[in-house]
>>> print(open('start-v3.pdb').read())   # PDB, C-alpha atoms, pLDDT in the B column
ATOM      1  CA  MET A  27     -15.989  25.507   0.080  1.00 46.00           C
ATOM      2  CA  ARG A  28     -17.645  22.303  -1.105  1.00 53.00           C
ATOM      3  CA  GLU A  29     -18.163  19.243   1.033  1.00 62.00           C
ATOM      4  CA  GLU A  30     -15.553  16.585   0.268  1.00 68.00           C
ATOM      5  CA  LYS A  31     -16.893  13.519  -1.541  1.00 73.00           C
ATOM      6  CA  ASP A  32     -15.580  10.058  -0.831  1.00 76.00           C
ATOM      7  CA  THR A  33     -13.806   8.123  -3.562  1.00 79.00           C
ATOM      8  CA  SER A  34     -16.758   5.871  -4.369  1.00 83.00           C
ATOM      9  CA  MET A  35     -19.007   8.890  -4.961  1.00 85.00           C
ATOM     10  CA  VAL A  36     -16.501  10.493  -7.344  1.00 81.00           C
ATOM     11  CA  LEU A  37     -16.047   7.182  -9.193  1.00 85.00           C
ATOM     12  CA  GLU A  38     -19.797   6.718  -9.493  1.00 89.00           C
ATOM     13  CA  GLU A  39     -20.183  10.180 -11.021  1.00 85.00           C
ATOM     14  CA  LEU A  40     -17.380   9.519 -13.494  1.00 86.00           C
ATOM     15  CA  ASN A  41     -18.753   6.098 -14.443  1.00 90.00           C
ATOM     16  CA  ASN A  42     -22.303   7.395 -14.836  1.00 89.00           C
ATOM     17  CA  ALA A  43     -21.434  10.213 -17.221  1.00 87.00           C
ATOM     18  CA  THR A  44     -23.543   9.504 -20.295  1.00 89.00           C
ATOM     19  CA  THR A  45     -21.374  11.494 -22.696  1.00 89.00           C
ATOM     20  CA  LEU A  46     -17.737  12.463 -22.916  1.00 88.00           C
ATOM     21  CA  LYS A  47     -18.724  16.094 -22.348  1.00 91.00           C
ATOM     22  CA  LYS A  48     -20.577  15.175 -19.135  1.00 88.00           C
ATOM     23  CA  GLY A  49     -17.590  13.101 -18.007  1.00 86.00           C
ATOM     24  CA  ILE A  50     -15.241  16.047 -18.495  1.00 89.00           C
ATOM     25  CA  SER A  51     -17.725  18.286 -16.704  1.00 88.00           C
ATOM     26  CA  SER A  52     -17.779  15.836 -13.798  1.00 85.00           C
ATOM     27  CA  ILE A  53     -13.980  15.957 -13.633  1.00 86.00           C
ATOM     28  CA  GLU A  54     -14.086  19.752 -13.482  1.00 87.00           C
ATOM     29  CA  GLU A  55     -16.761  19.664 -10.756  1.00 84.00           C
ATOM     30  CA  ASN A  56     -14.715  17.225  -8.685  1.00 80.00           C
ATOM     31  CA  LYS A  57     -11.284  18.863  -8.949  1.00 80.00           C
ATOM     32  CA  ASP A  58     -11.441  19.907  -5.297  1.00 76.00           C
ATOM     33  CA  ASN A  59     -11.811  16.234  -4.374  1.00 70.00           C
ATOM     34  CA  PHE A  60      -8.686  15.043  -6.190  1.00 74.00           C
ATOM     35  CA  VAL A  61      -5.737  14.333  -3.948  1.00 69.00           C
ATOM     36  CA  LYS A  62      -2.114  13.486  -4.463  1.00 75.00           C
ATOM     37  CA  ILE A  63      -0.445  12.199  -1.360  1.00 84.00           C
ATOM     38  CA  SER A  64       2.971  10.656  -1.170  1.00 89.00           C
ATOM     39  CA  PHE A  65       3.786   7.255   0.237  1.00 93.00           C
ATOM     40  CA  GLY A  66       5.390   9.004   3.230  1.00 93.00           C
ATOM     41  CA  ASP A  67       2.160  10.909   3.938  1.00 92.00           C
ATOM     42  CA  PHE A  68       0.083   7.747   3.570  1.00 93.00           C
ATOM     43  CA  PHE A  69       2.426   5.692   5.746  1.00 95.00           C
ATOM     44  CA  ASN A  70       2.500   8.326   8.483  1.00 93.00           C
ATOM     45  CA  ARG A  71      -1.307   8.553   8.479  1.00 93.00           C
ATOM     46  CA  TYR A  72      -1.378   4.771   8.849  1.00 95.00           C
ATOM     47  CA  LEU A  73       0.976   4.979  11.822  1.00 95.00           C
ATOM     48  CA  ALA A  74      -1.132   7.741  13.385  1.00 94.00           C
ATOM     49  CA  ASP A  75      -4.213   5.517  13.054  1.00 95.00           C
ATOM     50  CA  HIS A  76      -2.359   2.543  14.580  1.00 95.00           C
ATOM     51  CA  LYS A  77      -0.859   4.023  17.705  1.00 93.00           C
ATOM     52  CA  ASP A  78       0.175   0.591  18.979  1.00 93.00           C
ATOM     53  CA  LEU A  79       2.758   0.328  16.169  1.00 95.00           C
ATOM     54  CA  LYS A  80       6.283   1.596  16.604  1.00 95.00           C
ATOM     55  CA  LEU A  81       8.211   2.667  13.527  1.00 94.00           C
ATOM     56  CA  ALA A  82      11.434   1.163  14.889  1.00 95.00           C
ATOM     57  CA  ASP A  83       9.728  -2.257  15.201  1.00 96.00           C
ATOM     58  CA  ILE A  84       8.286  -2.011  11.701  1.00 96.00           C
ATOM     59  CA  ILE A  85      11.669  -1.125  10.265  1.00 95.00           C
ATOM     60  CA  ARG A  86      13.335  -4.004  12.106  1.00 95.00           C
ATOM     61  CA  ASP A  87      10.693  -6.442  10.811  1.00 96.00           C
ATOM     62  CA  SER A  88      10.901  -5.060   7.259  1.00 96.00           C
ATOM     63  CA  GLY A  89      14.451  -6.271   6.702  1.00 95.00           C
ATOM     64  CA  LEU A  90      15.409  -2.887   5.279  1.00 95.00           C
ATOM     65  CA  SER A  91      18.412  -0.989   6.560  1.00 94.00           C
ATOM     66  CA  ARG A  92      17.453   1.430   9.310  1.00 94.00           C
ATOM     67  CA  GLN A  93      18.575   4.630   7.575  1.00 95.00           C
ATOM     68  CA  TYR A  94      17.039   3.647   4.237  1.00 95.00           C
ATOM     69  CA  ALA A  95      13.706   2.634   5.789  1.00 94.00           C
ATOM     70  CA  TYR A  96      13.424   5.887   7.750  1.00 92.00           C
ATOM     71  CA  SER A  97      14.002   7.900   4.575  1.00 94.00           C
ATOM     72  CA  VAL A  98      11.316   5.894   2.734  1.00 93.00           C
ATOM     73  CA  ALA A  99       8.876   6.227   5.639  1.00 90.00           C
ATOM     74  CA  ASP A 100       9.339   9.990   5.818  1.00 87.00           C
ATOM     75  CA  GLY A 101       8.985  10.347   2.055  1.00 85.00           C
ATOM     76  CA  THR A 102      12.492  11.597   1.256  1.00 88.00           C
ATOM     77  CA  LYS A 103      13.405   8.466  -0.708  1.00 91.00           C
ATOM     78  CA  ASN A 104      11.457   6.467  -3.281  1.00 90.00           C
ATOM     79  CA  ALA A 105      11.542   2.705  -2.904  1.00 94.00           C
ATOM     80  CA  SER A 106      11.023  -0.283  -5.179  1.00 96.00           C
ATOM     81  CA  ARG A 107       7.739  -2.174  -5.125  1.00 97.00           C
ATOM     82  CA  ASP A 108       9.289  -5.037  -3.125  1.00 98.00           C
ATOM     83  CA  ARG A 109      10.668  -2.664  -0.497  1.00 97.00           C
ATOM     84  CA  ILE A 110       7.292  -0.969  -0.118  1.00 97.00           C
ATOM     85  CA  ILE A 111       5.709  -4.431   0.261  1.00 98.00           C
ATOM     86  CA  ALA A 112       8.308  -5.325   2.922  1.00 97.00           C
ATOM     87  CA  LEU A 113       7.649  -2.153   4.915  1.00 96.00           C
ATOM     88  CA  CYS A 114       3.869  -2.480   4.666  1.00 97.00           C
ATOM     89  CA  PHE A 115       3.924  -6.198   5.469  1.00 97.00           C
ATOM     90  CA  ALA A 116       6.001  -5.478   8.570  1.00 96.00           C
ATOM     91  CA  ALA A 117       3.443  -2.814   9.529  1.00 96.00           C
ATOM     92  CA  GLY A 118       0.642  -5.381   9.336  1.00 95.00           C
ATOM     93  CA  MET A 119      -1.288  -3.733   6.523  1.00 96.00           C
ATOM     94  CA  ASN A 120      -4.129  -5.678   4.968  1.00 96.00           C
ATOM     95  CA  LYS A 121      -4.370  -6.040   1.184  1.00 97.00           C
ATOM     96  CA  ASP A 122      -6.446  -2.891   0.637  1.00 95.00           C
ATOM     97  CA  GLU A 123      -4.102  -0.798   2.761  1.00 96.00           C
ATOM     98  CA  MET A 124      -1.073  -2.232   0.998  1.00 97.00           C
ATOM     99  CA  ASP A 125      -2.647  -1.549  -2.410  1.00 96.00           C
ATOM    100  CA  HIS A 126      -3.159   2.087  -1.427  1.00 94.00           C
ATOM    101  CA  ALA A 127       0.419   2.309  -0.164  1.00 96.00           C
ATOM    102  CA  LEU A 128       1.783   0.824  -3.388  1.00 97.00           C
ATOM    103  CA  ILE A 129      -0.256   3.218  -5.505  1.00 94.00           C
ATOM    104  CA  HIS A 130       0.864   6.230  -3.442  1.00 93.00           C
ATOM    105  CA  ALA A 131       4.448   5.027  -3.918  1.00 94.00           C
ATOM    106  CA  GLY A 132       3.915   4.981  -7.695  1.00 93.00           C
ATOM    107  CA  HIS A 133       3.677   1.188  -8.067  1.00 96.00           C
ATOM    108  CA  SER A 134       0.965  -1.186  -9.182  1.00 97.00           C
ATOM    109  CA  ALA A 135      -1.410  -2.690  -6.651  1.00 97.00           C
ATOM    110  CA  LEU A 136      -1.235  -6.396  -5.874  1.00 97.00           C
ATOM    111  CA  TYR A 137      -2.872  -8.322  -8.697  1.00 97.00           C
ATOM    112  CA  PRO A 138      -4.595 -11.595  -7.726  1.00 96.00           C
ATOM    113  CA  LYS A 139      -4.016 -13.106 -11.198  1.00 96.00           C
ATOM    114  CA  ASP A 140      -0.256 -12.612 -10.931  1.00 97.00           C
ATOM    115  CA  ASN A 141       1.243 -15.792  -9.492  1.00 96.00           C
ATOM    116  CA  ARG A 142       3.749 -14.079  -7.165  1.00 98.00           C
ATOM    117  CA  ASP A 143       1.248 -11.424  -6.081  1.00 98.00           C
ATOM    118  CA  ALA A 144      -1.272 -14.180  -5.295  1.00 97.00           C
ATOM    119  CA  TYR A 145       1.192 -15.732  -2.835  1.00 97.00           C
ATOM    120  CA  ILE A 146       1.803 -12.311  -1.281  1.00 98.00           C
ATOM    121  CA  ILE A 147      -1.960 -11.811  -0.906  1.00 97.00           C
ATOM    122  CA  VAL A 148      -2.300 -15.208   0.827  1.00 96.00           C
ATOM    123  CA  ALA A 149       0.551 -14.301   3.200  1.00 96.00           C
ATOM    124  CA  ILE A 150      -1.024 -10.916   3.999  1.00 96.00           C
ATOM    125  CA  ALA A 151      -4.364 -12.574   4.796  1.00 95.00           C
ATOM    126  CA  SER A 152      -2.594 -15.148   6.946  1.00 94.00           C
ATOM    127  CA  LYS A 153      -0.687 -12.473   8.869  1.00 91.00           C
ATOM    128  CA  CYS A 154      -3.854 -10.385   9.355  1.00 89.00           C
ATOM    129  CA  ARG A 155      -5.575 -13.461  10.820  1.00 88.00           C
ATOM    130  CA  GLY A 156      -2.746 -13.676  13.326  1.00 84.00           C
ATOM    131  CA  ASP A 157      -1.104 -16.818  11.947  1.00 80.00           C
ATOM    132  CA  LYS A 158       2.353 -17.222  13.458  1.00 81.00           C
ATOM    133  CA  GLU A 159       4.106 -18.153  10.174  1.00 84.00           C
ATOM    134  CA  PHE A 160       4.322 -14.539   9.123  1.00 88.00           C
ATOM    135  CA  ARG A 161       5.779 -11.918  11.397  1.00 89.00           C
ATOM    136  CA  THR A 162       8.474 -10.271   9.296  1.00 95.00           C
ATOM    137  CA  ALA A 163       9.178  -9.468   5.667  1.00 96.00           C
ATOM    138  CA  ASP A 164      11.896 -12.132   5.826  1.00 96.00           C
ATOM    139  CA  ASP A 165       9.166 -14.675   6.655  1.00 96.00           C
ATOM    140  CA  LEU A 166       7.280 -13.524   3.550  1.00 97.00           C
ATOM    141  CA  SER A 167      10.429 -13.701   1.450  1.00 97.00           C
ATOM    142  CA  LEU A 168      11.201 -17.238   2.611  1.00 96.00           C
ATOM    143  CA  PHE A 169       7.594 -18.272   1.892  1.00 96.00           C
ATOM    144  CA  LEU A 170       7.835 -16.879  -1.642  1.00 97.00           C
ATOM    145  CA  ASP A 171      11.082 -18.749  -2.214  1.00 97.00           C
ATOM    146  CA  GLU A 172       9.561 -21.998  -0.894  1.00 97.00           C
ATOM    147  CA  GLN A 173       6.693 -21.579  -3.378  1.00 97.00           C
ATOM    148  CA  GLY A 174       9.118 -21.204  -6.296  1.00 97.00           C
ATOM    149  CA  GLN A 175       8.625 -17.432  -6.512  1.00 98.00           C
ATOM    150  CA  ASP A 176      11.223 -14.689  -6.436  1.00 97.00           C
ATOM    151  CA  PRO A 177      11.815 -13.610  -2.824  1.00 97.00           C
ATOM    152  CA  LEU A 178      11.447  -9.957  -1.953  1.00 97.00           C
ATOM    153  CA  ASP A 179      14.353  -7.912  -3.247  1.00 94.00           C
ATOM    154  CA  ILE A 180      15.120  -6.029  -0.067  1.00 90.00           C
TER     155      ILE A 180
END
>>> encode(input="start-v3.pdb", output="structure tokens")
Amino acid sequence: MREEKDTSMVLEELNNATTLKKGISSIEENKDNFVKISFGDFFNRYLADHKDLKLADIIRDSGLSRQYAYSVADGTKNASRDRIIALCFAAGMNKDEMDHALIHAGHSALYPKDNRDAYIIVAIASKCRGDKEFRTADDLSLFLDEQGQDPLDI
């Protein structure tokens, strides 16, 4: 069994392939390093790494219905991009963590050149700094609305 490479190492090998044939060869050599994890798996790993968080509190702060949020968190239900953002925002994820969550849920990462996404990024940074304006996904939604952006569709 090969030693697992981190993502940056795999990307570097793919980017540094000098020919298409070498690039394909690099893909073949790295197949054991490719992973496909669901949003539920990612979210539960996040919770395991943040033992101070309680799923019930996150769900309450997400604004999602209890039953729906539990089924998204355990991976039995797919959710829209806004609902994933609401759940992750309530969990206190930073931008990188939220980007990973969105990607694992099959959605695009937050894009700083998208006007609405830029406001979401500012709110995430503010919440991660501990600013009191942002505690729940409803706070984020209200902020978006105040900035002339579509609120979260939760």
>>> residues_around(input="start-v3.pdb", residues="Asp78 in chain A", least_positions_apart="5", cutoff="12 Å", atoms="all atoms listed in the file", output="ChimeraX atom specification")
/A:72-73,83-84,117-118
>>> residues_around(input="start-v3.pdb", residues="range 86-101 of chain A", least_positions_apart="2", cutoff="9 Å", atoms="only C-alpha atoms", output="VMD selection string")
chain A and resid 64 to 67 69 to 70 81 to 84 103 to 105 109 to 117 161 to 164 180
>>> residues_around(input="start-v3.pdb", residues="range 45-62 of chain A", least_positions_apart="5", cutoff="12 Å", atoms="only C-alpha atoms", output="MDAnalysis selection string")
chainID A and resid 27:40 67:68 126 129:132
>>> atom_distance(input="start-v3.pdb", atom1="CA of Leu168 in chain A", atom2="CA of Arg142 in chain A")
12.7 Å
>>> atom_distance(input="start-v3.pdb", atom1="CA of Ile150 in chain A", atom2="CA of Ala127 in chain A")
13.9 Å
>>> closest_residue(input="start-v3.pdb", among="A:Asp108, A:Ile85, A:Lys121, A:Cys154", to="Asp176 in chain A", atoms="only C-alpha atoms")
A:Asp108
>>> atom_distance(input="start-v3.pdb", atom1="CA of Gly174 in chain A", atom2="CA of Tyr145 in chain A")
10.2 Å
>>> resolve_selection(input="start-v3.pdb", expression="the PyMOL selection byres ((chain A and resi 136-141) around 10)", output="list in words")
Arg107, Ile111, Lys121, Asp122, Met124, Asp125, His126, Leu128, Ile129, His133, Ser134, Ala135, Arg142, Asp143, Ala144, Tyr145, Ile146, Ile147, Val148 and Gln175 of chain A
>>> build_atoms(input="start-v3.pdb", residues="range 114-142 of chain A", atoms="N, CA and C atoms", output="PDB file, in the frame of the given file")
ATOM      1  N   CYS A 114       5.299  -2.384   4.368  1.00 97.00           N
ATOM      2  CA  CYS A 114       3.869  -2.480   4.666  1.00 97.00           C
ATOM      3  C   CYS A 114       3.513  -3.812   5.313  1.00 97.00           C
ATOM      4  N   PHE A 115       4.160  -4.887   4.866  1.00 97.00           N
ATOM      5  CA  PHE A 115       3.924  -6.198   5.469  1.00 97.00           C
ATOM      6  C   PHE A 115       4.352  -6.179   6.932  1.00 97.00           C
ATOM      7  N   ALA A 116       5.505  -5.584   7.192  1.00 96.00           N
ATOM      8  CA  ALA A 116       6.001  -5.478   8.570  1.00 96.00           C
ATOM      9  C   ALA A 116       5.068  -4.627   9.431  1.00 96.00           C
ATOM     10  N   ALA A 117       4.382  -3.674   8.800  1.00 96.00           N
ATOM     11  CA  ALA A 117       3.443  -2.814   9.529  1.00 96.00           C
ATOM     12  C   ALA A 117       2.094  -3.488   9.750  1.00 96.00           C
ATOM     13  N   GLY A 118       1.894  -4.656   9.142  1.00 95.00           N
ATOM     14  CA  GLY A 118       0.642  -5.381   9.336  1.00 95.00           C
ATOM     15  C   GLY A 118      -0.512  -4.889   8.493  1.00 95.00           C
ATOM     16  N   MET A 119      -0.211  -4.225   7.379  1.00 96.00           N
ATOM     17  CA  MET A 119      -1.288  -3.733   6.523  1.00 96.00           C
ATOM     18  C   MET A 119      -2.033  -4.894   5.876  1.00 96.00           C
ATOM     19  N   ASN A 120      -3.346  -4.700   5.716  1.00 96.00           N
ATOM     20  CA  ASN A 120      -4.129  -5.678   4.968  1.00 96.00           C
ATOM     21  C   ASN A 120      -3.960  -5.387   3.474  1.00 96.00           C
ATOM     22  N   LYS A 121      -4.573  -6.193   2.628  1.00 97.00           N
ATOM     23  CA  LYS A 121      -4.370  -6.040   1.184  1.00 97.00           C
ATOM     24  C   LYS A 121      -4.803  -4.659   0.687  1.00 97.00           C
ATOM     25  N   ASP A 122      -5.966  -4.199   1.112  1.00 95.00           N
ATOM     26  CA  ASP A 122      -6.446  -2.891   0.637  1.00 95.00           C
ATOM     27  C   ASP A 122      -5.495  -1.771   1.048  1.00 95.00           C
ATOM     28  N   GLU A 123      -5.041  -1.822   2.286  1.00 96.00           N
ATOM     29  CA  GLU A 123      -4.102  -0.798   2.761  1.00 96.00           C
ATOM     30  C   GLU A 123      -2.791  -0.870   1.983  1.00 96.00           C
ATOM     31  N   MET A 124      -2.311  -2.089   1.745  1.00 97.00           N
ATOM     32  CA  MET A 124      -1.073  -2.232   0.998  1.00 97.00           C
ATOM     33  C   MET A 124      -1.243  -1.755  -0.443  1.00 97.00           C
ATOM     34  N   ASP A 125      -2.387  -2.043  -1.054  1.00 96.00           N
ATOM     35  CA  ASP A 125      -2.647  -1.549  -2.410  1.00 96.00           C
ATOM     36  C   ASP A 125      -2.586  -0.029  -2.457  1.00 96.00           C
ATOM     37  N   HIS A 126      -3.204   0.623  -1.480  1.00 94.00           N
ATOM     38  CA  HIS A 126      -3.159   2.087  -1.427  1.00 94.00           C
ATOM     39  C   HIS A 126      -1.721   2.574  -1.256  1.00 94.00           C
ATOM     40  N   ALA A 127      -0.978   1.921  -0.383  1.00 96.00           N
ATOM     41  CA  ALA A 127       0.419   2.309  -0.164  1.00 96.00           C
ATOM     42  C   ALA A 127       1.226   2.164  -1.444  1.00 96.00           C
ATOM     43  N   LEU A 128       1.047   1.045  -2.133  1.00 97.00           N
ATOM     44  CA  LEU A 128       1.783   0.824  -3.388  1.00 97.00           C
ATOM     45  C   LEU A 128       1.442   1.890  -4.421  1.00 97.00           C
ATOM     46  N   ILE A 129       0.170   2.203  -4.535  1.00 94.00           N
ATOM     47  CA  ILE A 129      -0.256   3.218  -5.505  1.00 94.00           C
ATOM     48  C   ILE A 129       0.324   4.582  -5.145  1.00 94.00           C
ATOM     49  N   HIS A 130       0.303   4.942  -3.865  1.00 93.00           N
ATOM     50  CA  HIS A 130       0.864   6.230  -3.442  1.00 93.00           C
ATOM     51  C   HIS A 130       2.377   6.271  -3.648  1.00 93.00           C
ATOM     52  N   ALA A 131       3.004   5.098  -3.669  1.00 94.00           N
ATOM     53  CA  ALA A 131       4.448   5.027  -3.918  1.00 94.00           C
ATOM     54  C   ALA A 131       4.754   4.968  -5.413  1.00 94.00           C
ATOM     55  N   GLY A 132       3.712   4.982  -6.247  1.00 93.00           N
ATOM     56  CA  GLY A 132       3.915   4.981  -7.695  1.00 93.00           C
ATOM     57  C   GLY A 132       4.063   3.591  -8.299  1.00 93.00           C
ATOM     58  N   HIS A 133       3.574   2.567  -7.593  1.00 96.00           N
ATOM     59  CA  HIS A 133       3.677   1.188  -8.067  1.00 96.00           C
ATOM     60  C   HIS A 133       2.284   0.604  -8.288  1.00 96.00           C
ATOM     61  N   SER A 134       2.250  -0.528  -8.952  1.00 97.00           N
ATOM     62  CA  SER A 134       0.965  -1.186  -9.182  1.00 97.00           C
ATOM     63  C   SER A 134       0.504  -1.900  -7.913  1.00 97.00           C
ATOM     64  N   ALA A 135      -0.802  -1.967  -7.767  1.00 97.00           N
ATOM     65  CA  ALA A 135      -1.410  -2.690  -6.651  1.00 97.00           C
ATOM     66  C   ALA A 135      -1.163  -4.184  -6.834  1.00 97.00           C
ATOM     67  N   LEU A 136      -1.354  -4.945  -5.782  1.00 97.00           N
ATOM     68  CA  LEU A 136      -1.235  -6.396  -5.874  1.00 97.00           C
ATOM     69  C   LEU A 136      -2.330  -6.922  -6.792  1.00 97.00           C
ATOM     70  N   TYR A 137      -1.948  -7.811  -7.696  1.00 97.00           N
ATOM     71  CA  TYR A 137      -2.872  -8.322  -8.697  1.00 97.00           C
ATOM     72  C   TYR A 137      -3.097  -9.808  -8.458  1.00 97.00           C
ATOM     73  N   PRO A 138      -4.321 -10.204  -8.089  1.00 96.00           N
ATOM     74  CA  PRO A 138      -4.595 -11.595  -7.726  1.00 96.00           C
ATOM     75  C   PRO A 138      -4.311 -12.613  -8.840  1.00 96.00           C
ATOM     76  N   LYS A 139      -4.283 -12.186 -10.099  1.00 96.00           N
ATOM     77  CA  LYS A 139      -4.016 -13.106 -11.198  1.00 96.00           C
ATOM     78  C   LYS A 139      -2.534 -13.196 -11.547  1.00 96.00           C
ATOM     79  N   ASP A 140      -1.703 -12.474 -10.792  1.00 97.00           N
ATOM     80  CA  ASP A 140      -0.256 -12.612 -10.931  1.00 97.00           C
ATOM     81  C   ASP A 140       0.185 -13.651  -9.909  1.00 97.00           C
ATOM     82  N   ASN A 141       0.894 -14.673 -10.354  1.00 96.00           N
ATOM     83  CA  ASN A 141       1.243 -15.792  -9.492  1.00 96.00           C
ATOM     84  C   ASN A 141       1.956 -15.339  -8.216  1.00 96.00           C
ATOM     85  N   ARG A 142       2.990 -14.537  -8.342  1.00 98.00           N
ATOM     86  CA  ARG A 142       3.749 -14.079  -7.165  1.00 98.00           C
ATOM     87  C   ARG A 142       2.883 -13.214  -6.262  1.00 98.00           C
TER      88      ARG A 142
END
